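Working notes, beginning with the structure itself.
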Amino acid sequence: MSKPDDKQGKPAWRWAKRLLTLCFFILVPALLFMLVKNLDWQEVSQALRGFSPTILLAAVGVTALSYGVYSSFDLIGRAYTQHGLPTRQVLPLTFVCYAFTLNLSSWVGGVALRYRLYSRLGLKVSTITRVLSMSLITNWLGYILLAGVLFTFGLLKLPEGWAIGATGLRIIGLALLAVGIGYLLACQFSKRRSWTIRGHELNLPSLPMALLQAGLGALNWSLMALIIYLLLPEEAFYPTILGILMISSIAGVITHIPAGLGVIEAVFIAMLQHEMSKGSIVAALIGYRAIYFLLPLAVACVVYLVLEKRAKKLRQNAGQENTEEPRPA
């Protein structure tokens with residue numbers, strides 16, 4: 001009797017999810033319009049021109065470091081799956097996927113492009129799936145633990161009048177910490193180490209590998225927030241900027257808007273407008289998008305063409321080896 005109920009429940013959940021996404025699509029532009037309708041664009045222009053070369057160079061350097069950290073996620077996947085691709089192939093491939101993910105959605109960069117590039121290098125679908133799973137877990141494990149600490153210890157100051165309040169935020173933080181620590185404990189103490197999900201076998205990593213996932217994931221989120229912090233006025237408080245990035249990222253995931261366009265801006269303006277001018281906030285976010293999103297995407301397009309060319313050459317060489325007739329002894 002449970003199967004018909006399950007079938008009825010799934011469409012209901014899908015419709016609820018679509019309705020929630022539609023609400024965000026409507027609410028985010030409306031909120032953004034309300035927040036920027038009286039914006040002084042001359043102030044934004046002045047703030048953009050006020051960025052010093054030193055600050056911009058530092059932001060570019062932190063961006064390069066962040067992409068390097070994220071690219072190493074797939075090195076954890078390599079250790080996890082024991083596939084034999086060298087680091088010189090893994091790092092640029094992951095860099096390209098990350099740049100496309102940020103700008104064009106995770107389905108394009110994180111999933112479709114990863115499967116395409118890895119399969120051209122000879123990896124099986126099952127192996128690619130496990131590498132992708134480890135990358136996703138690394139990213140969100142770092143998020144969960146970092147956001148859990150920020151929310152639990154009250155490092156993110158909410159504007160007055162927000163419905164969720166400091167207590168509600170601490171409860172969310174404790175729940176996030178419970179999930180993150182639960183994963184780490186499972187990696188150390190769970191007797192069952194393997195699960196099959198949709199035909200793919202997933203195994204729990206060792207505790208040292210899980211701790212490495214947590215550290216690298218949290219480091220990448222911290223570096224992303226640091227770029228925005230560098231571009232904001234001096235009165236900006238780094239833990240607050242990091243916490244707002246945590247919240248805006250979740251909102252971006254829910255709406256499925258590529259690059260979280262408009263979502264990040266709406267959340268940052270709503271939460272920071274009582275501390276600094278809207279013009280300086282918008283200018284910082286424009287700089288952030290240009291440096292962290294668009295600049296790496298331009299580089300990634302070139303790297304992608306190089307990777308495709310190399311993969312084609314590898315396939316041609318492999319084909320020639322297969323068609324060569326054995327020489328007589």
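A note on labels: chains of the structure tokens are A, B, ... as shown, every chain counts residues from 1, and ligands are counted from 1 in their shown order.
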task = Could you give me the residues within segment 199-320 of chain A that DSSP places in strand (DSSP E), as a PyMOL selection string?
result = chain A and resi 200-203
Kindly save the residues from that selection, with N, CA, C and O atoms included, as a PDB file, in the first residue's frame.
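Result file is result26.pdb:
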```pdb
ATOM      1  N   HIS A 200      25.280   3.322  -8.159  1.00  0.00           N
ATOM      2  CA  HIS A 200      26.665   3.737  -7.928  1.00  0.00           C
ATOM      3  C   HIS A 200      27.054   3.446  -6.479  1.00  0.00           C
ATOM      4  O   HIS A 200      26.337   3.814  -5.547  1.00  0.00           O
ATOM      5  N   GLU A 201      28.201   2.814  -6.318  1.00  0.00           N
ATOM      6  CA  GLU A 201      28.673   2.473  -4.978  1.00  0.00           C
ATOM      7  C   GLU A 201      29.478   3.627  -4.396  1.00  0.00           C
ATOM      8  O   GLU A 201      30.405   4.146  -5.017  1.00  0.00           O
ATOM      9  N   LEU A 202      29.095   4.048  -3.192  1.00  0.00           N
ATOM     10  CA  LEU A 202      29.791   5.112  -2.484  1.00  0.00           C
ATOM     11  C   LEU A 202      30.332   4.572  -1.170  1.00  0.00           C
ATOM     12  O   LEU A 202      29.632   3.869  -0.441  1.00  0.00           O
ATOM     13  N   ASN A 203      31.589   4.906  -0.889  1.00  0.00           N
ATOM     14  CA  ASN A 203      32.235   4.428   0.322  1.00  0.00           C
ATOM     15  C   ASN A 203      32.622   5.604   1.203  1.00  0.00           C
ATOM     16  O   ASN A 203      33.034   6.659   0.700  1.00  0.00           O
TER      17      ASN A 203
END
```
ask   = So which residues touch Trp140 of chain A within 9 Å, counting only C-alpha atoms, skipping near sequence neighbours fewer than 6 positions away, as a ChimeraX atom specification?
value = /A:214,217-218
For the residues selected in the previous step, produce a file with N, CA, C and O atoms as a PDB file, in the first residue's frame.
```pdb
ATOM      1  N   ALA A 214      37.005  18.832   5.034  1.00  0.00           N
ATOM      2  CA  ALA A 214      36.444  19.920   5.843  1.00  0.00           C
ATOM      3  C   ALA A 214      37.344  21.153   5.794  1.00  0.00           C
ATOM      4  O   ALA A 214      36.862  22.280   5.637  1.00  0.00           O
ATOM      5  N   GLY A 217      37.376  22.716   2.133  1.00  0.00           N
ATOM      6  CA  GLY A 217      36.078  23.318   1.838  1.00  0.00           C
ATOM      7  C   GLY A 217      35.876  24.622   2.591  1.00  0.00           C
ATOM      8  O   GLY A 217      35.450  25.630   2.013  1.00  0.00           O
ATOM      9  N   ALA A 218      36.193  24.626   3.875  1.00  0.00           N
ATOM     10  CA  ALA A 218      36.051  25.841   4.679  1.00  0.00           C
ATOM     11  C   ALA A 218      37.017  26.929   4.207  1.00  0.00           C
ATOM     12  O   ALA A 218      36.667  28.112   4.173  1.00  0.00           O
TER      13      ALA A 218
END
```
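Our summary of the geometry notes that atom CA of Ser119 of chain A is positioned 20.3 Å from atom CA of Ser105 of chain A.
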ask   = Using only C-alpha atoms, which residues sit within 10 Å of Arg193 of chain A once same-chain residues fewer than 4 positions away are excluded, as a PyMOL selection string?
value = chain A and resi 186-189+202-206
What would the file look like if the residues just selected were written as a short mmCIF file (atom, residue, chain, number, x, y, z; two decimals), in the first residue's frame with N, CA and C atoms?
```cif
data_model
loop_
_atom_site.label_atom_id
_atom_site.label_comp_id
_atom_site.auth_asym_id
_atom_site.auth_seq_id
_atom_site.Cartn_x
_atom_site.Cartn_y
_atom_site.Cartn_z
N ALA A 186 31.05 9.49 11.54
CA ALA A 186 30.73 8.32 10.73
C ALA A 186 31.96 7.81 9.99
N CYS A 187 32.77 8.74 9.49
CA CYS A 187 34.00 8.35 8.79
C CYS A 187 34.96 7.61 9.71
N GLN A 188 34.90 7.92 11.00
CA GLN A 188 35.81 7.27 11.94
C GLN A 188 35.24 5.99 12.53
N PHE A 189 33.95 5.98 12.86
CA PHE A 189 33.41 4.89 13.67
C PHE A 189 32.39 4.00 12.97
N LEU A 202 29.09 4.05 -3.19
CA LEU A 202 29.79 5.11 -2.48
C LEU A 202 30.33 4.57 -1.17
N ASN A 203 31.59 4.91 -0.89
CA ASN A 203 32.24 4.43 0.32
C ASN A 203 32.62 5.60 1.20
N LEU A 204 32.51 5.42 2.51
CA LEU A 204 32.94 6.45 3.44
C LEU A 204 34.46 6.58 3.39
N PRO A 205 34.99 7.80 3.32
CA PRO A 205 36.44 7.96 3.36
C PRO A 205 36.97 7.78 4.78
N SER A 206 38.26 7.74 4.92
CA SER A 206 38.86 7.68 6.25
C SER A 206 38.71 9.03 6.95
#
```
task = Taking the DSSP assignment computed from this structure's backbone, write out as a PyMOL selection string all residues of segment 88-327 of chain A that belong to alpha helix (DSSP H).
result = chain A and resi 88-104+106+114-120+125-152+165-189+207-231+238-255+263-272+278-288+295-323
query = Pick from A:Ile241, A:Ser190, A:Ser222, A:Leu294: nearest to Ile269 of chain A, with only C-alpha atoms counted?
reply =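 Selected residue with least distance to Ile269 of chain A: A:Ile241.
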request  = For atom CA of Met246 of chain A and atom CA of Gly50 of chain A, quote the distance in Å rounded to one decimal.
outcome  = 27.0 Å
